[in-house]
>>> print(open('work_15.tsv').read())   # TSV, C-alpha atoms and all ligand atoms
chain	number	residue	atom	x	y	z
A	1	MET	CA	124.08	90.54	137.70
A	2	THR	CA	125.06	93.95	139.04
A	3	THR	CA	123.06	97.12	139.23
A	4	THR	CA	124.63	100.53	139.56
A	5	ALA	CA	123.62	104.01	138.48
A	6	THR	CA	124.49	106.33	135.62
A	7	ALA	CA	126.36	109.55	136.31
A	8	HIS	CA	122.96	111.21	136.68
A	9	GLY	CA	121.62	108.64	139.13
A	10	CYS	CA	119.50	106.55	136.77
A	11	PRO	CA	119.59	102.85	137.77
A	12	VAL	CA	121.57	100.55	135.50
A	13	ASP	CA	120.55	96.96	134.81
A	14	ASP	CA	123.30	95.07	133.09
A	15	SER	CA	121.31	91.82	133.08
A	16	PHE	CA	118.63	93.22	130.76
A	17	ASP	CA	119.15	92.16	127.14
A	18	PRO	CA	116.17	92.03	124.77
A	19	LEU	CA	118.16	89.88	122.35
A	20	ALA	CA	119.04	87.18	124.89
A	21	PRO	CA	117.44	83.79	124.09
A	22	ALA	CA	115.50	83.76	127.37
A	23	PHE	CA	114.00	87.19	126.68
A	24	LEU	CA	113.08	86.23	123.12
A	25	ALA	CA	111.41	83.05	124.39
A	26	ASP	CA	109.31	84.83	127.03
A	27	PRO	CA	109.94	88.55	127.59
A	28	TYR	CA	107.37	88.80	130.38
A	29	ALA	CA	108.88	86.01	132.45
A	30	VAL	CA	112.28	87.74	132.18
A	31	MET	CA	110.87	91.20	132.93
A	32	SER	CA	109.08	89.98	136.04
A	33	GLU	CA	112.37	88.60	137.41
A	34	LEU	CA	114.56	91.63	136.71
A	35	PRO	CA	115.98	93.22	139.84
A	36	LEU	CA	114.70	96.55	138.60
A	37	THR	CA	111.17	95.37	137.87
A	38	GLY	CA	108.83	98.15	138.82
A	39	THR	CA	111.55	100.74	138.23
A	40	PRO	CA	110.03	103.18	135.77
A	41	VAL	CA	113.26	103.74	133.89
A	42	PHE	CA	116.67	102.15	133.81
A	43	TYR	CA	119.71	102.15	131.58
A	44	ALA	CA	120.61	98.90	129.77
A	45	PRO	CA	124.29	98.73	128.74
A	46	SER	CA	123.61	95.66	126.56
A	47	ILE	CA	121.87	97.91	124.03
A	48	ASP	CA	123.03	101.36	125.16
A	49	TYR	CA	119.44	102.51	125.59
A	50	TYR	CA	117.29	103.68	128.46
A	51	VAL	CA	114.34	101.35	129.03
A	52	ILE	CA	110.95	102.48	130.21
A	53	THR	CA	108.35	99.97	131.31
A	54	ARG	CA	105.24	101.79	132.53
A	55	TYR	CA	102.23	102.27	130.28
A	56	ALA	CA	101.84	105.97	131.13
A	57	ASP	CA	105.49	106.75	130.33
A	58	ILE	CA	105.38	104.78	127.08
A	59	GLU	CA	102.21	106.61	126.06
A	60	ALA	CA	103.82	109.96	126.90
A	61	VAL	CA	106.80	109.08	124.68
A	62	PHE	CA	104.67	108.11	121.70
A	63	ARG	CA	102.46	111.18	122.10
A	64	ASP	CA	105.38	113.61	122.04
A	65	PRO	CA	107.14	113.17	118.67
A	66	ALA	CA	108.86	116.56	119.03
A	67	ALA	CA	110.82	115.34	122.06
A	68	TYR	CA	111.07	111.67	120.99
A	69	SER	CA	112.08	111.20	117.38
A	70	ALA	CA	111.40	108.00	115.40
A	71	ALA	CA	114.78	108.28	113.67
A	72	VAL	CA	116.25	105.28	115.52
A	73	ALA	CA	113.26	102.96	114.98
A	74	GLN	CA	115.17	100.73	112.55
A	75	ALA	CA	118.73	101.77	113.35
A	76	PRO	CA	121.19	98.88	113.76
A	77	LEU	CA	121.90	98.12	117.40
A	78	VAL	CA	125.58	97.51	116.72
A	79	PRO	CA	127.99	99.78	114.84
A	80	LEU	CA	128.32	98.69	111.23
A	81	VAL	CA	131.69	98.12	109.59
A	82	ALA	CA	132.62	100.70	106.94
A	83	GLU	CA	132.13	98.29	104.02
A	84	ALA	CA	128.58	97.41	105.13
A	85	GLN	CA	127.76	101.13	105.54
A	86	ARG	CA	129.12	101.87	102.07
A	87	ILE	CA	127.03	99.09	100.45
A	88	LEU	CA	123.87	100.21	102.26
A	89	LEU	CA	124.27	103.85	101.23
A	90	ALA	CA	125.10	102.95	97.62
A	91	GLY	CA	122.03	100.67	97.62
A	92	GLY	CA	119.72	103.51	98.63
A	93	HIS	CA	119.42	102.55	102.31
A	94	LYS	CA	119.81	105.96	103.92
A	95	PRO	CA	120.00	106.62	107.67
A	96	ALA	CA	116.25	107.37	107.86
A	97	PRO	CA	115.20	104.80	105.29
A	98	SER	CA	111.45	104.40	105.63
A	99	MET	CA	108.14	105.73	106.88
A	100	VAL	CA	108.53	104.25	110.32
A	101	SER	CA	111.76	106.15	111.05
A	102	LEU	CA	110.70	109.52	109.67
A	103	ASP	CA	109.35	112.44	111.66
A	104	GLU	CA	106.95	115.10	110.40
A	105	PRO	CA	106.72	116.61	107.86
A	106	GLU	CA	108.64	113.92	105.89
A	107	HIS	CA	106.58	111.19	107.54
A	108	ALA	CA	103.24	112.57	106.32
A	109	ARG	CA	104.62	112.88	102.81
A	110	LEU	CA	104.83	109.07	102.64
A	111	ARG	CA	102.11	108.17	105.09
A	112	LYS	CA	99.27	110.07	103.38
A	113	PRO	CA	99.57	108.44	99.94
A	114	ALA	CA	100.27	105.05	101.56
A	115	ALA	CA	97.06	105.35	103.61
A	116	ARG	CA	95.12	106.38	100.50
A	117	ALA	CA	96.38	103.38	98.49
A	118	PHE	CA	95.90	101.00	101.43
A	119	SER	CA	92.19	101.67	101.17
A	120	MET	CA	89.33	99.78	102.80
A	121	LYS	CA	88.23	98.82	99.29
A	122	ARG	CA	91.60	97.17	98.61
A	123	VAL	CA	91.70	95.46	102.00
A	124	THR	CA	88.13	94.16	101.66
A	125	ALA	CA	88.87	92.89	98.16
A	126	MET	CA	91.74	90.85	99.64
A	127	ILE	CA	89.50	88.76	101.92
A	128	PRO	CA	88.70	85.97	99.41
A	129	THR	CA	92.41	85.56	98.55
A	130	ILE	CA	93.37	85.52	102.24
A	131	GLU	CA	90.73	82.87	102.92
A	132	ALA	CA	91.72	80.77	99.89
A	133	THR	CA	95.44	80.98	100.79
A	134	THR	CA	94.70	79.98	104.39
A	135	LYS	CA	92.65	77.02	103.20
A	136	ARG	CA	95.34	75.92	100.75
A	137	LEU	CA	98.05	76.08	103.42
A	138	LEU	CA	95.93	74.19	105.96
A	139	ASP	CA	94.94	71.59	103.35
A	140	GLN	CA	98.65	70.87	102.95
A	141	VAL	CA	98.78	69.99	106.63
A	142	GLY	CA	96.10	67.38	105.96
A	143	ASP	CA	95.16	65.18	108.89
A	144	ALA	CA	98.42	65.61	110.80
A	145	THR	CA	97.70	65.85	114.51
A	146	GLU	CA	101.02	67.57	115.17
A	147	PHE	CA	102.64	70.16	112.88
A	148	ASP	CA	104.70	73.34	113.01
A	149	LEU	CA	102.14	76.13	112.79
A	150	VAL	CA	104.73	78.80	111.99
A	151	THR	CA	106.22	76.89	109.05
A	152	ALA	CA	102.84	75.72	107.75
A	153	LEU	CA	100.78	78.88	108.16
A	154	ALA	CA	102.01	81.78	110.29
A	155	PHE	CA	105.07	82.51	108.13
A	156	PRO	CA	103.83	81.85	104.56
A	157	LEU	CA	100.35	83.40	104.92
A	158	PRO	CA	101.11	87.07	105.73
A	159	ALA	CA	104.20	87.11	103.53
A	160	SER	CA	102.32	85.80	100.48
A	161	ILE	CA	99.42	88.17	101.07
A	162	VAL	CA	101.52	91.30	101.48
A	163	PHE	CA	103.71	90.50	98.45
A	164	TRP	CA	100.65	89.69	96.35
A	165	MET	CA	99.03	92.97	97.47
A	166	MET	CA	102.14	94.83	96.28
A	167	GLY	CA	101.95	93.09	92.88
A	168	VAL	CA	105.09	90.94	93.32
A	169	PRO	CA	105.01	87.94	90.94
A	170	GLU	CA	104.52	84.68	92.86
A	171	GLN	CA	107.81	83.20	91.67
A	172	ASP	CA	109.65	85.98	93.60
A	173	PHE	CA	107.86	85.46	96.96
A	174	ALA	CA	110.52	83.10	98.36
A	175	ARG	CA	113.32	85.52	97.48
A	176	LEU	CA	111.57	88.44	99.23
A	177	LYS	CA	110.84	86.36	102.32
A	178	TYR	CA	114.51	85.45	102.49
A	179	TRP	CA	115.58	89.09	102.14
A	180	CYS	CA	113.17	90.18	104.88
A	181	GLY	CA	114.97	87.89	107.35
A	182	TYR	CA	118.16	89.83	106.68
A	183	ARG	CA	116.34	93.06	107.36
A	184	ALA	CA	115.37	91.88	110.83
A	185	ALA	CA	118.99	90.94	111.49
A	186	LEU	CA	120.13	94.43	110.46
A	187	SER	CA	117.72	96.37	112.68
A	188	TRP	CA	117.09	93.99	115.56
A	189	GLY	CA	120.13	91.76	115.78
A	190	ARG	CA	123.81	91.85	116.63
A	191	PRO	CA	125.38	90.73	113.37
A	192	ALA	CA	129.10	90.02	113.55
A	193	PRO	CA	131.27	92.24	111.30
A	194	GLU	CA	131.79	89.34	108.86
A	195	ASP	CA	128.01	88.93	108.47
A	196	GLN	CA	127.28	92.64	108.07
A	197	VAL	CA	128.57	92.85	104.50
A	198	GLU	CA	126.33	89.97	103.43
A	199	ILE	CA	123.37	91.61	105.14
A	200	ALA	CA	124.13	94.97	103.50
A	201	THR	CA	124.48	93.33	100.06
A	202	THR	CA	121.12	91.61	100.53
A	203	ILE	CA	119.37	94.81	101.65
A	204	ALA	CA	120.80	96.64	98.61
A	205	ALA	CA	119.45	93.85	96.34
A	206	TYR	CA	116.09	94.04	98.11
A	207	ARG	CA	115.90	97.84	97.55
A	208	ALA	CA	116.96	97.41	93.90
A	209	TYR	CA	114.22	94.78	93.41
A	210	LEU	CA	111.59	97.20	94.75
A	211	ARG	CA	112.81	100.03	92.51
A	212	ASP	CA	112.55	97.65	89.52
A	213	LEU	CA	109.06	96.63	90.62
A	214	VAL	CA	107.99	100.28	90.57
A	215	ASP	CA	109.45	100.67	87.05
A	216	VAL	CA	107.63	97.55	85.84
A	217	LYS	CA	104.31	98.71	87.30
A	218	ALA	CA	104.80	102.23	85.91
A	219	ASN	CA	104.93	100.68	82.42
A	220	GLU	CA	102.33	97.98	83.00
A	221	PRO	CA	99.93	98.89	85.82
A	222	GLY	CA	98.04	96.06	87.46
A	223	ASP	CA	95.38	95.66	90.13
A	224	ASP	CA	97.77	96.11	93.04
A	225	LEU	CA	98.90	98.63	95.65
A	226	THR	CA	102.08	99.57	93.79
A	227	SER	CA	100.04	100.56	90.73
A	228	ASP	CA	97.66	102.54	92.99
A	229	LEU	CA	100.65	104.45	94.40
A	230	ILE	CA	101.93	105.13	90.88
A	231	ALA	CA	98.50	106.51	89.96
A	232	ILE	CA	98.84	108.92	92.91
A	233	HIS	CA	102.32	109.85	91.62
A	234	ASP	CA	100.89	110.47	88.14
A	235	GLU	CA	98.36	112.95	89.58
A	236	ASP	CA	101.21	115.07	90.96
A	237	PRO	CA	104.76	113.70	90.53
A	238	GLU	CA	106.14	116.18	93.07
A	239	ARG	CA	103.77	115.06	95.82
A	240	LEU	CA	104.98	111.45	95.66
A	241	ARG	CA	108.15	110.56	93.79
A	242	LEU	CA	108.81	107.10	92.34
A	243	ASP	CA	111.75	106.50	94.72
A	244	GLU	CA	109.40	107.29	97.61
A	245	ILE	CA	107.01	104.61	96.34
A	246	SER	CA	109.76	102.01	96.55
A	247	SER	CA	110.47	103.26	100.10
A	248	ILE	CA	106.80	102.75	101.03
A	249	LEU	CA	107.01	99.22	99.58
A	250	PHE	CA	110.16	98.62	101.64
A	251	SER	CA	108.16	99.53	104.76
A	252	LEU	CA	105.08	97.51	103.89
A	253	SER	CA	106.84	94.37	102.74
A	254	PHE	CA	108.42	93.94	106.15
A	255	ALA	CA	105.94	95.62	108.51
A	256	GLY	CA	102.99	93.67	107.15
A	257	HIS	CA	104.76	90.37	107.32
A	258	GLU	CA	106.83	89.41	110.39
A	259	THR	CA	104.45	91.22	112.76
A	260	THR	CA	101.52	89.14	111.62
A	261	THR	CA	103.51	85.90	111.70
A	262	GLY	CA	104.22	86.69	115.36
A	263	LEU	CA	100.60	87.57	116.06
A	264	ILE	CA	99.28	84.29	114.64
A	265	GLY	CA	101.85	82.28	116.58
A	266	ASN	CA	101.30	84.14	119.86
A	267	THR	CA	97.49	83.98	119.61
A	268	VAL	CA	97.40	80.24	118.97
A	269	ARG	CA	100.01	79.60	121.66
A	270	ARG	CA	98.07	81.54	124.28
A	271	LEU	CA	94.82	79.81	123.31
A	272	LEU	CA	96.35	76.33	123.42
A	273	GLU	CA	98.03	77.00	126.78
A	274	ASP	CA	94.63	76.70	128.37
A	275	PRO	CA	92.48	73.97	126.79
A	276	ALA	CA	89.34	75.74	128.06
A	277	ARG	CA	90.25	78.87	126.04
A	278	TRP	CA	90.76	76.82	122.90
A	279	ALA	CA	87.48	74.95	123.45
A	280	ASP	CA	85.62	78.26	123.93
A	281	ILE	CA	86.93	79.64	120.64
A	282	VAL	CA	86.13	76.45	118.73
A	283	ARG	CA	82.61	76.43	120.14
A	284	GLN	CA	82.06	80.18	119.61
A	285	PRO	CA	84.01	81.53	116.61
A	286	GLY	CA	82.44	84.92	117.37
A	287	LEU	CA	85.07	85.23	120.13
A	288	ILE	CA	87.92	85.29	117.59
A	289	PRO	CA	88.11	89.10	117.12
A	290	ALA	CA	88.32	89.58	120.91
A	291	ALA	CA	90.98	86.86	121.14
A	292	VAL	CA	93.06	88.67	118.53
A	293	GLU	CA	92.67	92.02	120.33
A	294	GLU	CA	93.61	90.44	123.64
A	295	SER	CA	96.66	88.73	122.09
A	296	LEU	CA	97.84	92.08	120.74
A	297	ARG	CA	97.69	93.42	124.30
A	298	TYR	CA	98.76	90.38	126.28
A	299	ASP	CA	101.49	88.98	124.07
A	300	PRO	CA	102.16	91.44	121.24
A	301	SER	CA	104.43	90.56	118.37
A	302	VAL	CA	106.24	93.89	118.77
A	303	PRO	CA	106.93	94.13	122.52
A	304	VAL	CA	109.82	96.61	122.25
A	305	TRP	CA	110.15	99.82	120.25
A	306	ARG	CA	112.62	102.67	120.05
A	307	ARG	CA	112.73	106.45	120.10
A	308	VAL	CA	115.57	108.93	120.44
A	309	THR	CA	115.27	112.11	122.46
A	310	THR	CA	115.76	115.43	120.68
A	311	ARG	CA	116.30	117.40	123.89
A	312	PRO	CA	116.68	116.74	127.62
A	313	VAL	CA	113.45	115.26	129.01
A	314	THR	CA	111.88	114.09	132.24
A	315	LEU	CA	110.73	110.48	132.13
A	316	GLY	CA	109.35	108.24	134.84
A	317	GLY	CA	109.66	111.16	137.21
A	318	ARG	CA	113.38	111.40	136.51
A	319	ALA	CA	115.10	114.27	134.72
A	320	ASP	CA	118.36	113.11	133.26
A	321	PRO	CA	120.41	115.50	131.17
A	322	GLY	CA	122.30	112.47	129.93
A	323	TRP	CA	119.34	110.87	128.11
A	324	ARG	CA	119.73	110.31	124.49
A	325	GLN	CA	117.65	107.25	123.88
A	326	ALA	CA	114.74	105.33	125.29
A	327	VAL	CA	113.24	101.96	124.49
A	328	PRO	CA	109.61	101.75	125.42
A	329	LEU	CA	108.57	98.23	126.31
A	330	ALA	CA	105.03	98.20	125.08
A	331	GLY	CA	103.87	94.68	125.99
A	332	ARG	CA	100.93	93.98	128.27
A	333	GLY	CA	99.26	97.33	127.72
A	334	ARG	CA	96.03	98.42	129.28
A	335	PRO	CA	93.38	95.71	129.10
A	336	GLY	CA	90.89	96.32	126.33
A	337	ARG	CA	87.20	96.18	127.01
A	338	ARG	CA	86.80	92.88	125.15
A	339	ARG	CA	88.68	90.02	126.76
A	340	VAL	CA	88.62	86.30	126.25
A	341	ARG	CA	90.01	85.54	129.71
A	342	PRO	CA	91.36	87.88	132.34
A	343	ALA	CA	95.12	88.31	131.93
A	344	ARG	CA	97.19	86.58	134.56
B	1	LIG	C1	100.17	92.15	114.48
B	1	LIG	C2	100.33	92.95	113.50
B	1	LIG	C3	101.12	94.22	113.58
B	1	LIG	C4	101.80	94.80	114.61
B	1	LIG	C5	101.93	94.32	116.04
B	1	LIG	C6	102.39	96.02	114.10
B	1	LIG	C7	103.16	96.88	114.84
B	1	LIG	C8	103.68	98.06	114.38
B	1	LIG	C9	104.46	99.03	115.15
B	1	LIG	C10	104.83	98.88	116.62
B	1	LIG	C11	104.77	100.05	114.35
B	1	LIG	C12	105.58	101.31	114.73
B	1	LIG	C13	104.63	102.42	115.09
B	1	LIG	C14	105.34	103.72	115.42
B	1	LIG	O1	106.55	103.87	115.24
B	1	LIG	O2	104.66	104.66	115.87
B	1	LIG	C15	104.20	99.76	113.04
B	1	LIG	C16	104.31	100.58	111.95
B	1	LIG	C17	103.89	100.23	110.69
B	1	LIG	N1	103.20	99.10	110.32
B	1	LIG	FE1	102.58	97.66	111.56
B	1	LIG	N2	102.06	96.13	112.77
B	1	LIG	C18	101.31	95.05	112.41
B	1	LIG	C19	100.79	94.76	111.17
B	1	LIG	C20	101.01	95.51	110.04
B	1	LIG	C21	100.50	95.20	108.73
B	1	LIG	C22	99.63	93.97	108.41
B	1	LIG	C23	100.94	96.18	107.89
B	1	LIG	C24	100.73	96.35	106.41
B	1	LIG	C25	100.24	95.48	105.58
B	1	LIG	C26	101.71	97.09	108.68
B	1	LIG	C27	102.33	98.23	108.19
B	1	LIG	C28	102.98	99.15	108.96
B	1	LIG	C29	103.55	100.36	108.43
B	1	LIG	C30	103.53	100.81	106.95
B	1	LIG	C31	104.12	101.05	109.50
B	1	LIG	C32	104.80	102.42	109.47
B	1	LIG	C33	103.68	103.40	109.72
B	1	LIG	C34	104.14	104.84	109.91
B	1	LIG	O3	105.29	105.09	110.27
B	1	LIG	O4	103.29	105.72	109.73
B	1	LIG	N3	101.73	96.67	109.97
B	1	LIG	N4	103.54	98.56	113.09
>>> encode(input="work_15.tsv", output="structure tokens")
Amino acid sequence: MTTTATAHGCPVDDSFDPLAPAFLADPYAVMSELPLTGTPVFYAPSIDYYVITRYADIEAVFRDPAAYSAAVAQAPLVPLVAEAQRILLAGGHKPAPSMVSLDEPEHARLRKPAARAFSMKRVTAMIPTIEATTKRLLDQVGDATEFDLVTALAFPLPASIVFWMMGVPEQDFARLKYWCGYRAALSWGRPAPEDQVEIATTIAAYRAYLRDLVDVKANEPGDDLTSDLIAIHDEDPERLRLDEISSILFSLSFAGHETTTGLIGNTVRRLLEDPARWADIVRQPGLIPAAVEESLRYDPSVPVWRRVTTRPVTLGGRADPGWRQAVPLAGRGRPGRRRVRPAR
């Protein structure tokens, strides 16, 4: 490990790599051992981003979208080969492909109808299906005293629910789950050039599937979120175009899926780490909402996020005309009021 400084004096940590196996296994253990722990901001050559670690700085970044654009939120971390770029563009995967990487006013154009369709009524109506799916998946585990929670429950449950909510036929669930894995590799991995073309081809197929789904639902509406979005389009086709609906579905099908798999896994892991915590929850199921909230803070499924600066900024008390990018590390935020156990 060596630490130096950028031309503008910002510390450099060339041991920090959020894709290293040790970081993926336990980001907090790695962060606490970094030589620059406690440094508000450092540059990480492994990803060519500046990293900020303090809650106040992270909050300032997220609260200032004019200075910190979302455009890089899903951008590949490695340069893509020309063939992969060509396939992605031809398949409708543009540089700012979805809600999460758009800034205002384009963001609101997608966000408003998505929020309207993702109504409390629709979410509440999903509860019986979520409960029945959970029961079915746990019944399959039977009396096993040891089983892989992610394979049995944490992965299939959110994926099935989000695809079902979108109106995807059940026989296509496995295909979509498979495609979503490629999407993670594109945005949050370091795919080798020879793998990039396969990833790009898969993403193009995934986008084409969602465009077809919108066409199918436009002809035969059902009781699903896609049909609700098409109804909003029908009210005023200029306010929400059909291709924008497939973009919203692209966002939802991934965002509502891997995040929740991670949350279920992290929550159960943190509860089982301390038998007393697990016993408390079993004895008092009323503690479950607080346990979920605390897991989101203590061990979130999205511990790292990205923004790109639109102009020179001062961050962590440091003005650096060389900034272009920053990765907020959002894990272990401020403790909420409801806690199951004090954080370590
Ligand atoms: C543990 C669960 C979840 C976590 C930790 C999580 C985390 C995140 C994060 C960090 C962002 C980026 C926010 C930003 O750029 O400002 C995001 C955006 C988003 N998430 Fe989630 N999410 C979760 C569950 C879900 C679920 C269940 C859905 C939908 C069914 C969903 C849909 C979305 C959408 C559509 C966006 C883009 C919103 C926008 O740009 O306006 N997420 N999520």
>>> residues_near_ligand(input="work_15.tsv", ligand="ligand LIG 1 (chain B)", cutoff="9 Å", atoms="all atoms listed in the file", output="PyMOL selection string")
chain A and resi 62+70+73+98-103+107-108+110-112+114-115+118+158+161-162+165+248-264+292+296+300-307+330
>>> atom_distance(input="work_15.tsv", atom1="atom CA of A:Thr201", atom2="atom CA of A:Asp243")
19.1 Å
>>> atom_distance(input="work_15.tsv", atom1="atom CA of A:Arg116", atom2="atom CA of A:Ala291")
28.7 Å
>>> atom_distance(input="work_15.tsv", atom1="atom CA of A:Arg297", atom2="atom CA of A:Glu273")
16.6 Å
>>> closest_residue(input="work_15.tsv", among="A:Cys10, A:Val61, A:Ala67, A:Leu153", to="A:Val41", atoms="only C-alpha atoms")
A:Cys10
>>> closest_residue(input="work_15.tsv", among="A:Val308, A:Gln171, A:Leu88, A:Arg63", to="A:Asp48", atoms="only C-alpha atoms")
A:Val308
>>> residues_around(input="work_15.tsv", residues="stretch 136-149 of chain A", least_positions_apart="5", cutoff="8 Å", atoms="all atoms listed in the file", output="ChimeraX atom specification")
/A:154,157,265
>>> closest_residue(input="work_15.tsv", among="A:Ala152, A:Ala132, A:Leu186, A:Ala56", to="A:Leu77", atoms="all atoms listed in the file")
A:Leu186
>>> closest_residue(input="work_15.tsv", among="A:Glu106, A:Glu59, A:Asp13, A:Glu244", to="A:Val214", atoms="only C-alpha atoms")
A:Glu244
